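Asks: Got a structure for you, entry_36.pdb, holding PDB, C-alpha atoms, pLDDT in the B column.
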ATOM      1  CA  MET A   1     134.932  90.681  99.223  1.00 45.00           C
ATOM      2  CA  LEU A   2     134.505  89.055  95.833  1.00 45.00           C
ATOM      3  CA  PRO A   3     131.079  89.095  94.195  1.00 47.00           C
ATOM      4  CA  LYS A   4     129.062  85.879  94.436  1.00 54.00           C
ATOM      5  CA  VAL A   5     129.441  83.694  91.369  1.00 51.00           C
ATOM      6  CA  SER A   6     126.270  83.009  89.435  1.00 54.00           C
ATOM      7  CA  VAL A   7     126.019  79.635  87.728  1.00 52.00           C
ATOM      8  CA  PRO A   8     123.254  77.952  85.736  1.00 57.00           C
ATOM      9  CA  MET A   9     120.772  76.078  87.936  1.00 62.00           C
ATOM     10  CA  ASP A  10     121.711  72.770  86.341  1.00 65.00           C
ATOM     11  CA  PHE A  11     125.427  73.345  86.879  1.00 63.00           C
ATOM     12  CA  GLY A  12     127.031  70.056  87.808  1.00 66.00           C
ATOM     13  CA  ARG A  13     124.105  67.753  87.089  1.00 68.00           C
ATOM     14  CA  HIS A  14     126.460  65.449  85.234  1.00 68.00           C
ATOM     15  CA  LEU A  15     128.627  65.167  88.378  1.00 70.00           C
ATOM     16  CA  ILE A  16     125.967  63.553  90.594  1.00 71.00           C
ATOM     17  CA  GLY A  17     127.511  60.460  92.100  1.00 70.00           C
ATOM     18  CA  SER A  18     131.010  61.207  90.838  1.00 71.00           C
ATOM     19  CA  PRO A  19     133.480  59.667  93.300  1.00 72.00           C
ATOM     20  CA  THR A  20     136.127  62.170  92.204  1.00 72.00           C
ATOM     21  CA  HIS A  21     134.066  65.282  92.887  1.00 77.00           C
ATOM     22  CA  SER A  22     132.021  64.094  95.883  1.00 84.00           C
ATOM     23  CA  ASN A  23     134.300  65.377  98.618  1.00 91.00           C
ATOM     24  CA  LEU A  24     131.627  66.211 101.216  1.00 95.00           C
ATOM     25  CA  LYS A  25     129.978  63.474 103.269  1.00 95.00           C
ATOM     26  CA  LEU A  26     126.446  64.134 104.550  1.00 96.00           C
ATOM     27  CA  ASN A  27     125.527  61.720 107.357  1.00 97.00           C
ATOM     28  CA  THR A  28     121.823  60.845 107.544  1.00 96.00           C
ATOM     29  CA  SER A  29     119.396  59.566 110.166  1.00 94.00           C
ATOM     30  CA  GLU A  30     119.518  55.930 109.141  1.00 86.00           C
ATOM     31  CA  GLY A  31     123.292  55.767 109.525  1.00 93.00           C
ATOM     32  CA  GLY A  32     123.676  56.266 105.809  1.00 92.00           C
ATOM     33  CA  GLU A  33     125.646  58.834 103.954  1.00 94.00           C
ATOM     34  CA  VAL A  34     125.169  60.909 100.851  1.00 94.00           C
ATOM     35  CA  ARG A  35     128.255  62.245  99.117  1.00 94.00           C
ATOM     36  CA  ALA A  36     128.281  65.517  97.204  1.00 94.00           C
ATOM     37  CA  SER A  37     130.540  68.203  95.846  1.00 93.00           C
ATOM     38  CA  SER A  38     131.201  70.877  98.445  1.00 94.00           C
ATOM     39  CA  VAL A  39     131.576  73.389  95.611  1.00 91.00           C
ATOM     40  CA  ILE A  40     128.144  72.726  94.124  1.00 91.00           C
ATOM     41  CA  LEU A  41     126.453  72.720  97.528  1.00 94.00           C
ATOM     42  CA  SER A  42     128.336  75.930  98.417  1.00 94.00           C
ATOM     43  CA  PHE A  43     126.975  77.654  95.307  1.00 91.00           C
ATOM     44  CA  ASN A  44     123.497  76.935  96.676  1.00 93.00           C
ATOM     45  CA  SER A  45     124.050  77.415 100.399  1.00 96.00           C
ATOM     46  CA  PRO A  46     125.983  80.135 102.220  1.00 97.00           C
ATOM     47  CA  VAL A  47     125.874  77.923 105.321  1.00 97.00           C
ATOM     48  CA  ILE A  48     127.554  74.992 103.585  1.00 97.00           C
ATOM     49  CA  ASP A  49     129.960  77.425 101.960  1.00 97.00           C
ATOM     50  CA  HIS A  50     130.986  78.666 105.428  1.00 97.00           C
ATOM     51  CA  MET A  51     131.218  75.134 106.813  1.00 97.00           C
ATOM     52  CA  THR A  52     133.481  73.900 104.025  1.00 96.00           C
ATOM     53  CA  THR A  53     135.470  77.023 103.150  1.00 95.00           C
ATOM     54  CA  THR A  54     135.978  78.661 106.542  1.00 96.00           C
ATOM     55  CA  LEU A  55     135.633  75.715 108.930  1.00 96.00           C
ATOM     56  CA  HIS A  56     137.196  73.190 106.493  1.00 96.00           C
ATOM     57  CA  MET A  57     134.563  70.571 107.255  1.00 96.00           C
ATOM     58  CA  THR A  58     134.510  67.472 105.050  1.00 95.00           C
ATOM     59  CA  SER A  59     131.550  65.845 106.791  1.00 96.00           C
ATOM     60  CA  VAL A  60     128.202  67.257 107.918  1.00 97.00           C
ATOM     61  CA  ASP A  61     125.883  65.494 110.353  1.00 97.00           C
ATOM     62  CA  MET A  62     122.323  65.710 109.048  1.00 97.00           C
ATOM     63  CA  LEU A  63     121.147  63.048 111.467  1.00 97.00           C
ATOM     64  CA  GLU A  64     117.618  64.347 111.842  1.00 95.00           C
ATOM     65  CA  PHE A  65     116.957  63.966 108.121  1.00 96.00           C
ATOM     66  CA  SER A  66     116.217  60.818 106.132  1.00 94.00           C
ATOM     67  CA  GLU A  67     118.647  59.618 103.512  1.00 95.00           C
ATOM     68  CA  ALA A  68     115.939  60.091 100.866  1.00 95.00           C
ATOM     69  CA  ALA A  69     115.478  63.744 101.836  1.00 96.00           C
ATOM     70  CA  VAL A  70     119.218  64.455 101.912  1.00 97.00           C
ATOM     71  CA  GLN A  71     119.636  62.802  98.500  1.00 95.00           C
ATOM     72  CA  LEU A  72     116.766  64.877  97.119  1.00 96.00           C
ATOM     73  CA  PHE A  73     118.434  67.997  98.550  1.00 96.00           C
ATOM     74  CA  VAL A  74     121.721  67.123  96.844  1.00 95.00           C
ATOM     75  CA  ASP A  75     119.973  66.297  93.557  1.00 92.00           C
ATOM     76  CA  ALA A  76     118.127  69.627  93.749  1.00 93.00           C
ATOM     77  CA  ALA A  77     121.373  71.514  94.378  1.00 92.00           C
ATOM     78  CA  TYR A  78     122.939  69.897  91.327  1.00 89.00           C
ATOM     79  CA  SER A  79     119.924  70.261  89.040  1.00 87.00           C
ATOM     80  CA  GLY A  80     118.208  73.426  90.231  1.00 88.00           C
ATOM     81  CA  THR A  81     114.884  71.682  90.716  1.00 90.00           C
ATOM     82  CA  PRO A  82     113.463  69.590  93.576  1.00 92.00           C
ATOM     83  CA  GLU A  83     112.243  66.765  91.346  1.00 91.00           C
ATOM     84  CA  GLY A  84     110.585  64.066  93.422  1.00 91.00           C
ATOM     85  CA  ILE A  85     109.425  66.254  96.283  1.00 95.00           C
ATOM     86  CA  SER A  86     106.518  64.524  97.969  1.00 96.00           C
ATOM     87  CA  ARG A  87     104.562  64.655 101.196  1.00 95.00           C
ATOM     88  CA  GLU A  88     106.859  61.999 102.647  1.00 95.00           C
ATOM     89  CA  VAL A  89     109.987  64.143 102.334  1.00 96.00           C
ATOM     90  CA  PHE A  90     108.483  67.645 102.255  1.00 97.00           C
ATOM     91  CA  ARG A  91     109.054  68.429 105.941  1.00 97.00           C
ATOM     92  CA  ASP A  92     112.704  67.408 105.792  1.00 97.00           C
ATOM     93  CA  ILE A  93     113.386  69.187 102.488  1.00 97.00           C
ATOM     94  CA  ASN A  94     111.734  72.369 103.711  1.00 97.00           C
ATOM     95  CA  LYS A  95     113.722  72.322 106.943  1.00 97.00           C
ATOM     96  CA  ILE A  96     116.988  71.539 105.126  1.00 97.00           C
ATOM     97  CA  ALA A  97     116.341  74.439 102.727  1.00 97.00           C
ATOM     98  CA  ASN A  98     115.715  76.812 105.628  1.00 96.00           C
ATOM     99  CA  VAL A  99     118.557  75.622 107.873  1.00 96.00           C
ATOM    100  CA  PHE A 100     121.108  75.779 105.062  1.00 97.00           C
ATOM    101  CA  GLU A 101     119.610  79.029 103.687  1.00 97.00           C
ATOM    102  CA  VAL A 102     118.969  77.753 100.162  1.00 96.00           C
ATOM    103  CA  THR A 103     116.593  80.572  99.273  1.00 96.00           C
ATOM    104  CA  TRP A 104     115.501  79.273  95.884  1.00 95.00           C
ATOM    105  CA  LEU A 105     114.627  75.892  97.460  1.00 96.00           C
ATOM    106  CA  VAL A 106     112.723  77.594 100.293  1.00 96.00           C
ATOM    107  CA  GLY A 107     110.639  79.237  97.566  1.00 96.00           C
ATOM    108  CA  LYS A 108     110.080  75.914  95.786  1.00 96.00           C
ATOM    109  CA  CYS A 109     108.926  74.362  99.067  1.00 97.00           C
ATOM    110  CA  ALA A 110     106.445  77.196  99.540  1.00 96.00           C
ATOM    111  CA  GLU A 111     105.205  76.627  95.976  1.00 96.00           C
ATOM    112  CA  TYR A 112     104.816  72.903  96.659  1.00 97.00           C
ATOM    113  CA  PHE A 113     102.871  73.526  99.884  1.00 97.00           C
ATOM    114  CA  THR A 114     100.622  76.033  98.118  1.00 96.00           C
ATOM    115  CA  LYS A 115      99.979  73.527  95.329  1.00 96.00           C
ATOM    116  CA  VAL A 116      99.057  70.842  97.879  1.00 96.00           C
ATOM    117  CA  ALA A 117      96.683  73.271  99.607  1.00 95.00           C
ATOM    118  CA  GLU A 118      95.125  74.267  96.294  1.00 94.00           C
ATOM    119  CA  SER A 119      94.553  70.618  95.416  1.00 94.00           C
ATOM    120  CA  VAL A 120      92.142  70.246  98.347  1.00 93.00           C
ATOM    121  CA  LYS A 121      88.733  70.761  96.748  1.00 91.00           C
ATOM    122  CA  ILE A 122      86.419  69.242  99.364  1.00 88.00           C
ATOM    123  CA  PRO A 123      86.766  69.360 103.139  1.00 84.00           C
ATOM    124  CA  SER A 124      88.768  66.290 104.037  1.00 88.00           C
ATOM    125  CA  TYR A 125      89.989  65.709 107.563  1.00 90.00           C
ATOM    126  CA  THR A 126      93.100  63.881 106.320  1.00 94.00           C
ATOM    127  CA  GLU A 127      94.043  66.595 103.833  1.00 93.00           C
ATOM    128  CA  LEU A 128      93.453  69.466 106.235  1.00 91.00           C
ATOM    129  CA  LEU A 129      95.274  67.641 109.033  1.00 94.00           C
ATOM    130  CA  TYR A 130      98.316  67.270 106.774  1.00 96.00           C
ATOM    131  CA  LEU A 131      98.255  70.984 105.944  1.00 95.00           C
ATOM    132  CA  PHE A 132      97.978  72.012 109.580  1.00 94.00           C
ATOM    133  CA  GLU A 133     100.600  69.569 110.835  1.00 96.00           C
ATOM    134  CA  GLU A 134     103.112  70.883 108.299  1.00 96.00           C
ATOM    135  CA  ALA A 135     102.136  74.502 108.941  1.00 96.00           C
ATOM    136  CA  ALA A 136     102.445  74.023 112.710  1.00 96.00           C
ATOM    137  CA  PHE A 137     105.845  72.372 112.289  1.00 95.00           C
ATOM    138  CA  VAL A 138     107.097  75.266 110.150  1.00 95.00           C
ATOM    139  CA  PHE A 139     105.760  77.809 112.621  1.00 95.00           C
ATOM    140  CA  GLU A 140     107.180  76.057 115.671  1.00 95.00           C
ATOM    141  CA  ASN A 141     110.574  75.100 114.234  1.00 92.00           C
ATOM    142  CA  LEU A 142     111.243  77.798 111.656  1.00 91.00           C
ATOM    143  CA  ASN A 143     109.173  80.638 113.142  1.00 93.00           C
ATOM    144  CA  ASN A 144     107.324  81.241 109.887  1.00 93.00           C
ATOM    145  CA  LYS A 145     103.558  81.881 109.772  1.00 95.00           C
ATOM    146  CA  ASP A 146     103.156  81.742 105.983  1.00 95.00           C
ATOM    147  CA  PHE A 147     102.043  78.102 105.842  1.00 96.00           C
ATOM    148  CA  LEU A 148      99.529  78.700 108.643  1.00 95.00           C
ATOM    149  CA  LYS A 149      98.027  81.531 106.602  1.00 95.00           C
ATOM    150  CA  ILE A 150      97.784  79.282 103.545  1.00 95.00           C
ATOM    151  CA  SER A 151      96.049  76.581 105.619  1.00 93.00           C
ATOM    152  CA  ILE A 152      93.596  79.006 107.210  1.00 92.00           C
ATOM    153  CA  ASN A 153      92.836  80.567 103.837  1.00 92.00           C
ATOM    154  CA  LYS A 154      92.085  77.098 102.480  1.00 91.00           C
ATOM    155  CA  ILE A 155      89.538  76.412 105.224  1.00 86.00           C
ATOM    156  CA  GLU A 156      87.942  79.807 104.663  1.00 88.00           C
ATOM    157  CA  MET A 157      87.687  79.097 100.933  1.00 88.00           C
ATOM    158  CA  LEU A 158      86.061  75.739 101.612  1.00 86.00           C
ATOM    159  CA  ASN A 159      83.523  77.360 103.927  1.00 73.00           C
ATOM    160  CA  TRP A 160      83.912  74.338 106.154  1.00 56.00           C
ATOM    161  CA  LYS A 161      81.659  74.120 109.200  1.00 50.00           C
ATOM    162  CA  GLN A 162      81.028  71.181 111.485  1.00 46.00           C
TER     163      GLN A 162
END
Mind converting the file's structure to structure tokens?
Replies:
Amino acid sequence: MLPKVSVPMDFGRHLIGSPTHSNLKLNTSEGGEVRASSVILSFNSPVIDHMTTTLHMTSVDMLEFSEAAVQLFVDAAYSGTPEGISREVFRDINKIANVFEVTWLVGKCAEYFTKVAESVKIPSYTELLYLFEEAAFVFENLNNKDFLKISINKIEMLNWKQ
């Protein structure tokens, strides 16, 4: 087996949207599609690498994810940074990163969630509800307790009592 190639995190940024190099079609929930280079996505994801190299897939159904989240995923794969991650797309980006085993992006999602938790300075039902809904989703769908621990630690730090 050949060693895995290591490329700079911004490898291919200039190719975003290139019709020549965008040979992989990612179908999204709204019936839209995002096109990307299978090579660049394969450098980031062993799952996509297997799908395109071994299974010879040229199209991937990502129907449970919004077009905005899939585009952010592609942009992140090309640039090495999830610029534009927000609460609106966080759940999808985090799940995409986990499902497609993009380890560096999984780490960035954890950093984002931690930053959101740290930004809560006073007990706010809306803020804490967001943290727990995301943490519960991650636990239930990805079998990961880390976000629950972050949320519980936040409540303990706030010393919140009814």
Asks: Could you please determine the separation between CA of Arg35 (chain A) and CA of Asn23 (chain A) in Å, to one decimal place?
Replies: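 A separation of 6.8 Å between them.
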Asks: Measure the distance from CA of Lys25 (chain A) to CA of Ser59 (chain A) in Å and round it to one decimal.
Replies: 4.5 Å
Asks: Which residues, protein or nucleic acid, reach to within 12 Å of (121.4, 73.0, 105.7) in the file's coordinates when using all atoms listed in the file, and can you give that as a ChimeraX atom specification?
Replies: /A:26,41-42,44-51,60-65,69-70,73-74,77,92-103,105-106
Asks: To test your reading of the syntax: which residues would the PyMOL selection byres ((chain A and resi 123) around 10) return for the file shown? Reply as a list in words.
Replies: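 Going through the file, the PyMOL selection byres ((chain A and resi 123) around 10) ends up selecting Val120, Lys121, Ile122, Ser124, Tyr125, Thr126, Glu127, Leu128, Lys154, Ile155, Leu158, Asn159, Trp160 and Lys161 of chain A.
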Asks: Restricted to C-alpha atoms, what would the selected residues look like written as a short mmCIF file (atom, residue, chain, number, x, y, z; two decimals), in the coordinates of the input?
Replies:
data_model
loop_
_atom_site.label_atom_id
_atom_site.label_comp_id
_atom_site.auth_asym_id
_atom_site.auth_seq_id
_atom_site.Cartn_x
_atom_site.Cartn_y
_atom_site.Cartn_z
CA VAL A 120 92.14 70.25 98.35
CA LYS A 121 88.73 70.76 96.75
CA ILE A 122 86.42 69.24 99.36
CA SER A 124 88.77 66.29 104.04
CA TYR A 125 89.99 65.71 107.56
CA THR A 126 93.10 63.88 106.32
CA GLU A 127 94.04 66.60 103.83
CA LEU A 128 93.45 69.47 106.24
CA LYS A 154 92.08 77.10 102.48
CA ILE A 155 89.54 76.41 105.22
CA LEU A 158 86.06 75.74 101.61
CA ASN A 159 83.52 77.36 103.93
CA TRP A 160 83.91 74.34 106.15
CA LYS A 161 81.66 74.12 109.20
#
Asks: Can you pull out the residues contacting region 144-150 of chain A? Cut-off 8 Å, using only C-alpha atoms, and skip same-chain residues under 5 positions away; I want them as a ChimeraX atom specification.
Replies: /A:110,113-114,117,132,134-136,138-139
Asks: Taking into account only C-alpha atoms, which residue in the set A:Tyr112, A:His21, A:Leu72, A:Thr54 is nearest to Val39 (chain A)?
Replies: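 The answer is A:His21, which sits nearest to Val39 (chain A).
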Asks: Between CA of Thr28 (chain A) and CA of Ser66 (chain A), measure the distance and give it in Å to one decimal.
Replies: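 CA of Thr28 (chain A) sits 5.8 Å away from CA of Ser66 (chain A).
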Asks: Counting only C-alpha atoms, which of A:Ser151, A:Val34, A:Pro82, A:Asn141 gets nearest to Val116 (chain A)?
Replies: A:Ser151
Asks: Measuring between only C-alpha atoms, which one of A:Ser37, A:Thr58, A:Thr53, A:Asn143 shows the shortest distance to Gly17 (chain A)?
Replies: A:Ser37
Asks: Considering all atoms listed in the file, state which residue in the set A:Gly80, A:Tyr130, A:Ala36, A:Ser29 is at the smallest distance from Ala68 (chain A).
Replies: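 Smallest separation from Ala68 (chain A) among the options: A:Ser29.
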Asks: From the list A:Ile16, A:Cys109, A:Leu24, A:Ile152, which residue is nearest Met57 (chain A) when using only C-alpha atoms?
Replies: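 Of A:Ile16, A:Cys109, A:Leu24, A:Ile152, the one nearest Met57 (chain A), counting only C-alpha atoms, is A:Leu24.
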Asks: Taking the partial coordinates given, rebuild region 146-157 of chain A to contain all heavy atoms; return it as an mmCIF file, in the frame of the given file.
Replies:
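Generated output (result-v4.cif):
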data_model
loop_
_atom_site.group_PDB
_atom_site.id
_atom_site.type_symbol
_atom_site.label_atom_id
_atom_site.label_comp_id
_atom_site.auth_asym_id
_atom_site.auth_seq_id
_atom_site.Cartn_x
_atom_site.Cartn_y
_atom_site.Cartn_z
ATOM 1 N N ASP A 146 103.711 81.766 107.340
ATOM 2 C CA ASP A 146 103.156 81.742 105.983
ATOM 3 C C ASP A 146 102.317 80.503 105.701
ATOM 4 O O ASP A 146 101.251 80.588 105.093
ATOM 5 C CB ASP A 146 104.269 81.863 104.935
ATOM 6 C CG ASP A 146 104.954 83.215 104.971
ATOM 7 O OD1 ASP A 146 104.388 84.166 105.558
ATOM 8 O OD2 ASP A 146 106.056 83.324 104.409
ATOM 9 N N PHE A 147 102.784 79.334 106.123
ATOM 10 C CA PHE A 147 102.043 78.102 105.842
ATOM 11 C C PHE A 147 100.759 78.038 106.661
ATOM 12 O O PHE A 147 99.766 77.464 106.207
ATOM 13 C CB PHE A 147 102.905 76.874 106.097
ATOM 14 C CG PHE A 147 104.026 76.670 105.104
ATOM 15 C CD1 PHE A 147 104.337 77.623 104.147
ATOM 16 C CD2 PHE A 147 104.783 75.526 105.125
ATOM 17 C CE1 PHE A 147 105.372 77.446 103.234
ATOM 18 C CE2 PHE A 147 105.818 75.325 104.221
ATOM 19 C CZ PHE A 147 106.105 76.293 103.274
ATOM 20 N N LEU A 148 100.768 78.620 107.856
ATOM 21 C CA LEU A 148 99.529 78.700 108.643
ATOM 22 C C LEU A 148 98.499 79.547 107.908
ATOM 23 O O LEU A 148 97.322 79.189 107.839
ATOM 24 C CB LEU A 148 99.798 79.287 110.028
ATOM 25 C CG LEU A 148 100.395 78.354 111.063
ATOM 26 C CD1 LEU A 148 100.729 79.118 112.346
ATOM 27 C CD2 LEU A 148 99.468 77.198 111.370
ATOM 28 N N LYS A 149 98.938 80.659 107.346
ATOM 29 C CA LYS A 149 98.027 81.531 106.602
ATOM 30 C C LYS A 149 97.438 80.800 105.401
ATOM 31 O O LYS A 149 96.246 80.923 105.124
ATOM 32 C CB LYS A 149 98.762 82.795 106.148
ATOM 33 C CG LYS A 149 99.133 83.729 107.274
ATOM 34 C CD LYS A 149 99.948 84.900 106.779
ATOM 35 C CE LYS A 149 100.425 85.750 107.940
ATOM 36 N NZ LYS A 149 101.345 86.816 107.497
ATOM 37 N N ILE A 150 98.265 80.045 104.708
ATOM 38 C CA ILE A 150 97.784 79.282 103.545
ATOM 39 C C ILE A 150 96.730 78.271 103.989
ATOM 40 O O ILE A 150 95.681 78.120 103.349
ATOM 41 C CB ILE A 150 98.958 78.581 102.834
ATOM 42 C CG1 ILE A 150 99.863 79.623 102.166
ATOM 43 C CG2 ILE A 150 98.458 77.561 101.820
ATOM 44 C CD1 ILE A 150 101.194 79.070 101.686
ATOM 45 N N SER A 151 96.991 77.590 105.109
ATOM 46 C CA SER A 151 96.049 76.581 105.619
ATOM 47 C C SER A 151 94.739 77.213 106.050
ATOM 48 O O SER A 151 93.662 76.695 105.741
ATOM 49 C CB SER A 151 96.680 75.829 106.796
ATOM 50 O OG SER A 151 97.856 75.169 106.387
ATOM 51 N N ILE A 152 94.818 78.313 106.751
ATOM 52 C CA ILE A 152 93.596 79.006 107.210
ATOM 53 C C ILE A 152 92.811 79.531 106.015
ATOM 54 O O ILE A 152 91.582 79.405 105.963
ATOM 55 C CB ILE A 152 93.950 80.122 108.211
ATOM 56 C CG1 ILE A 152 94.439 79.497 109.515
ATOM 57 C CG2 ILE A 152 92.759 81.042 108.454
ATOM 58 C CD1 ILE A 152 95.082 80.458 110.489
ATOM 59 N N ASN A 153 93.517 80.089 105.048
ATOM 60 C CA ASN A 153 92.836 80.567 103.837
ATOM 61 C C ASN A 153 92.121 79.432 103.119
ATOM 62 O O ASN A 153 91.025 79.613 102.582
ATOM 63 C CB ASN A 153 93.826 81.242 102.884
ATOM 64 C CG ASN A 153 94.259 82.605 103.363
ATOM 65 O OD1 ASN A 153 93.622 83.212 104.218
ATOM 66 N ND2 ASN A 153 95.364 83.079 102.825
ATOM 67 N N LYS A 154 92.710 78.252 103.132
ATOM 68 C CA LYS A 154 92.085 77.098 102.480
ATOM 69 C C LYS A 154 90.777 76.740 103.164
ATOM 70 O O LYS A 154 89.768 76.498 102.513
ATOM 71 C CB LYS A 154 93.050 75.904 102.473
ATOM 72 C CG LYS A 154 92.488 74.669 101.805
ATOM 73 C CD LYS A 154 91.769 75.004 100.522
ATOM 74 C CE LYS A 154 92.332 74.476 99.289
ATOM 75 N NZ LYS A 154 91.569 74.781 98.091
ATOM 76 N N ILE A 155 90.771 76.718 104.480
ATOM 77 C CA ILE A 155 89.538 76.412 105.224
ATOM 78 C C ILE A 155 88.486 77.480 104.950
ATOM 79 O O ILE A 155 87.314 77.167 104.735
ATOM 80 C CB ILE A 155 89.808 76.285 106.728
ATOM 81 C CG1 ILE A 155 90.532 74.982 106.978
ATOM 82 C CG2 ILE A 155 88.516 76.338 107.531
ATOM 83 C CD1 ILE A 155 90.805 74.673 108.418
ATOM 84 N N GLU A 156 88.892 78.746 104.939
ATOM 85 C CA GLU A 156 87.942 79.807 104.663
ATOM 86 C C GLU A 156 87.360 79.673 103.259
ATOM 87 O O GLU A 156 86.154 79.882 103.052
ATOM 88 C CB GLU A 156 88.621 81.176 104.810
ATOM 89 C CG GLU A 156 88.918 81.537 106.252
ATOM 90 C CD GLU A 156 89.732 82.811 106.412
ATOM 91 O OE1 GLU A 156 90.309 83.302 105.407
ATOM 92 O OE2 GLU A 156 89.807 83.307 107.534
ATOM 93 N N MET A 157 88.171 79.285 102.309
ATOM 94 C CA MET A 157 87.687 79.097 100.933
ATOM 95 C C MET A 157 86.722 77.920 100.825
ATOM 96 O O MET A 157 85.805 77.938 100.017
ATOM 97 C CB MET A 157 88.866 78.882 99.971
ATOM 98 C CG MET A 157 89.677 80.149 99.729
ATOM 99 S SD MET A 157 91.154 79.871 98.728
ATOM 100 C CE MET A 157 90.498 79.107 97.287
#
